[in-house]
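Asker: Please find one structure pasted underneath; my questions will follow.
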Amino acid sequence: MHTLIADVDDTVCPSTQPIGKDMAKEIARLVDAGCSFAFISGSSFKQISDQLTPSLGVPHHLLPVSGAQYVKVDYEGGKPIFKEQYKLEFSAEERKEILGALEALIAAYDIKPLTSREDQLQDRGGQITLSILGRSAPDDKKRAADPDGKKRREWLDFLRKRMGDKYSMRIGGTTSIDITPQGIDKAYGIRRFLEANSLKPSQALFFGDKLGPDGNDFPATKVVDCIEVKDPSHLLEILQRFKSGPKA
Ligand SMILES: [Mg+2]
């Protein structure tokens, strides 16, 4: 059984777009021939499953948030069944520290939500997000809240003064600050996925479009053999050359 692991944006799909028909067909052919296919991305579960799952129609593995989460996808009667295998979560202590720092920030800068406090400060287990006006505040108001990210950069300094660089904190979306555990990258995600399936790194092959030292696929090179692709049409050409999967 060969295991193929691929980056999503600009490798399997055009950036943030659904997978192309030819690519979906080619991946389905390889899965039917005995390969297993995993997709790893920094994006959320919803984002990558929307891009891939409706078109694939064959079992596959989704590794969103750089593999901090693992969801197995099977189909029953043509309908996808999602089975979450794991999801990295903050400990109760870490959660308390982060929420405490965000509450102090909200008080210090008098950040008022247009919706509710729960909508402004979302605890998603492995990611805690502050949305300035609330996640479901009107779009036009959100776009005007901090268009150049200046406020949020100042707020990140405030948070770093309290918590150092214990967590990964960054500006995300139109109005949010995302906080996730430190040290999560594609090397972590691939290692954990292989372990969960009792696979050796030598049994897997990775495809990505950004394998250079500054690229977000670079960490994969520390774990498995990698092939750099220029874009999805280049990957498609390579996959079409595999009869029933590459030689491990
Ligand atoms: Mg990419």
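Simple scheme: letters A, B, ... for chains in structure tokens order, numbers from 1 for residues in each chain, numbers from 1 for ligands in the order shown.
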Write out as a ChimeraX atom specification the set of residues from segment 111-218 of chain A that DSSP, computed on the backbone, places in helix (DSSP H, G or I).

Answerer: /A:117-120,139-145,150-163,186-196,201-203,218

Asker: Can you tell me which residues sit at most 10 Å away from ligand 1, counting only C-alpha atoms and all ligand atoms, written as JSON, numbers by chain?

Answerer: {"A": [6, 7, 8, 9, 10, 11, 12, 13, 14, 15, 16, 40, 41, 42, 207, 208, 209, 210, 211, 215, 216, 217, 229, 230, 231, 232]}

Asker: Generate the output file for the selected residues, C-alpha atoms, as an mmCIF file, in the first residue's frame.

Answerer:
```
data_model
loop_
_atom_site.group_PDB
_atom_site.id
_atom_site.type_symbol
_atom_site.label_atom_id
_atom_site.label_comp_id
_atom_site.auth_asym_id
_atom_site.auth_seq_id
_atom_site.Cartn_x
_atom_site.Cartn_y
_atom_site.Cartn_z
ATOM 1 C CA ALA A 6 -0.147 16.274 -0.755
ATOM 2 C CA ASP A 7 -0.314 19.939 0.095
ATOM 3 C CA VAL A 8 -3.666 21.432 -1.014
ATOM 4 C CA ASP A 9 -3.376 25.018 -2.308
ATOM 5 C CA ASP A 10 -1.418 25.340 -5.563
ATOM 6 C CA THR A 11 -0.505 21.654 -5.404
ATOM 7 C CA VAL A 12 -3.814 19.747 -5.723
ATOM 8 C CA CYS A 13 -6.168 22.718 -6.108
ATOM 9 C CA PRO A 14 -5.793 26.274 -7.379
ATOM 10 C CA SER A 15 -5.466 28.432 -4.233
ATOM 11 C CA THR A 16 -8.661 28.205 -2.088
ATOM 12 C CA ILE A 40 -2.339 18.495 4.560
ATOM 13 C CA SER A 41 -2.902 22.246 4.750
ATOM 14 C CA GLY A 42 -2.665 25.184 7.116
ATOM 15 C CA PHE A 207 4.002 16.533 -3.007
ATOM 16 C CA GLY A 208 4.094 20.283 -2.447
ATOM 17 C CA ASP A 209 4.598 23.552 -4.308
ATOM 18 C CA LYS A 210 6.662 25.310 -1.630
ATOM 19 C CA LEU A 211 9.504 23.040 -0.591
ATOM 20 C CA GLY A 215 8.119 27.624 2.039
ATOM 21 C CA ASN A 216 5.308 26.202 4.169
ATOM 22 C CA ASP A 217 5.993 22.720 2.736
ATOM 23 C CA VAL A 229 5.478 20.521 -8.208
ATOM 24 C CA LYS A 230 5.003 23.799 -10.060
ATOM 25 C CA ASP A 231 1.213 23.759 -9.928
ATOM 26 C CA PRO A 232 -1.763 21.339 -10.048
#
```

Asker: For atom CA of Met169 of chain A and atom CA of Leu156 of chain A, quote the distance in Å rounded to one decimal.

Answerer: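 Rounded to one decimal, the two atoms are 7.3 Å apart.
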
Asker: Please identify the strand (DSSP E or B) residues within segment 34-162 of chain A (assignment by DSSP from backbone atoms) and present them as number ranges by chain.

Answerer: A: 36-40, 60-63, 69-76, 79-87, 121-123, 128-131

Asker: Counting only C-alpha atoms, give me one row per residue of segment 103-211 of chain A with an atom at most 12 Å from an atom of segment 32-35 of chain A, showing the shortest contact pair and its distance in Å to one decimal, sorted by chain then residue number, as CSV.

Answerer:
```
residue,atom,partner,partner_atom,distance
A:Gln203,CA,A:Cys35,CA,10.8
A:Ala204,CA,A:Cys35,CA,10.1
A:Leu205,CA,A:Cys35,CA,11.0
```

Asker: Can you write out as a Markdown table which residues of segment 163-247 of chain A fall within 12 Å of segment 72-80 of chain A, alongside each residue's closest atom pair and its distance in Å to one decimal, counting only C-alpha atoms and ordering rows by chain and ascending residue number?

Answerer:
```
| residue | atom | partner | partner_atom | distance |
| --- | --- | --- | --- | --- |
| A:Phe193 | CA | A:Lys72 | CA | 10.7 |
| A:Ala196 | CA | A:Lys72 | CA | 11.3 |
| A:Asn197 | CA | A:Lys72 | CA | 11.1 |
```

Asker: Between A:Lys200, A:Ala101, A:Ser116, A:Ala137, which residue has the minimum interatomic distance to Phe158 of chain A, considering only C-alpha atoms?

Answerer: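 Checking each candidate against Phe158 of chain A, we get A:Ala101 as the closest.
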
Asker: Using only C-alpha atoms, which of A:Leu52, A:Met23, A:Ile81, A:Ala220 sits nearest Ala187 of chain A?

Answerer: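 Closest to Ala187 of chain A of all the choices is A:Ala220.
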
Asker: Got a sec: who's within 9 Å of Ala38 of chain A, counting only C-alpha atoms, leaving out chain neighbours fewer than 5 positions off, as a list in words?

Answerer: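 The residues that qualify are Thr3, Leu4, Ile5, Ala6, Asp7, His60, His61, Leu62, Leu63 and Phe193 of chain A.
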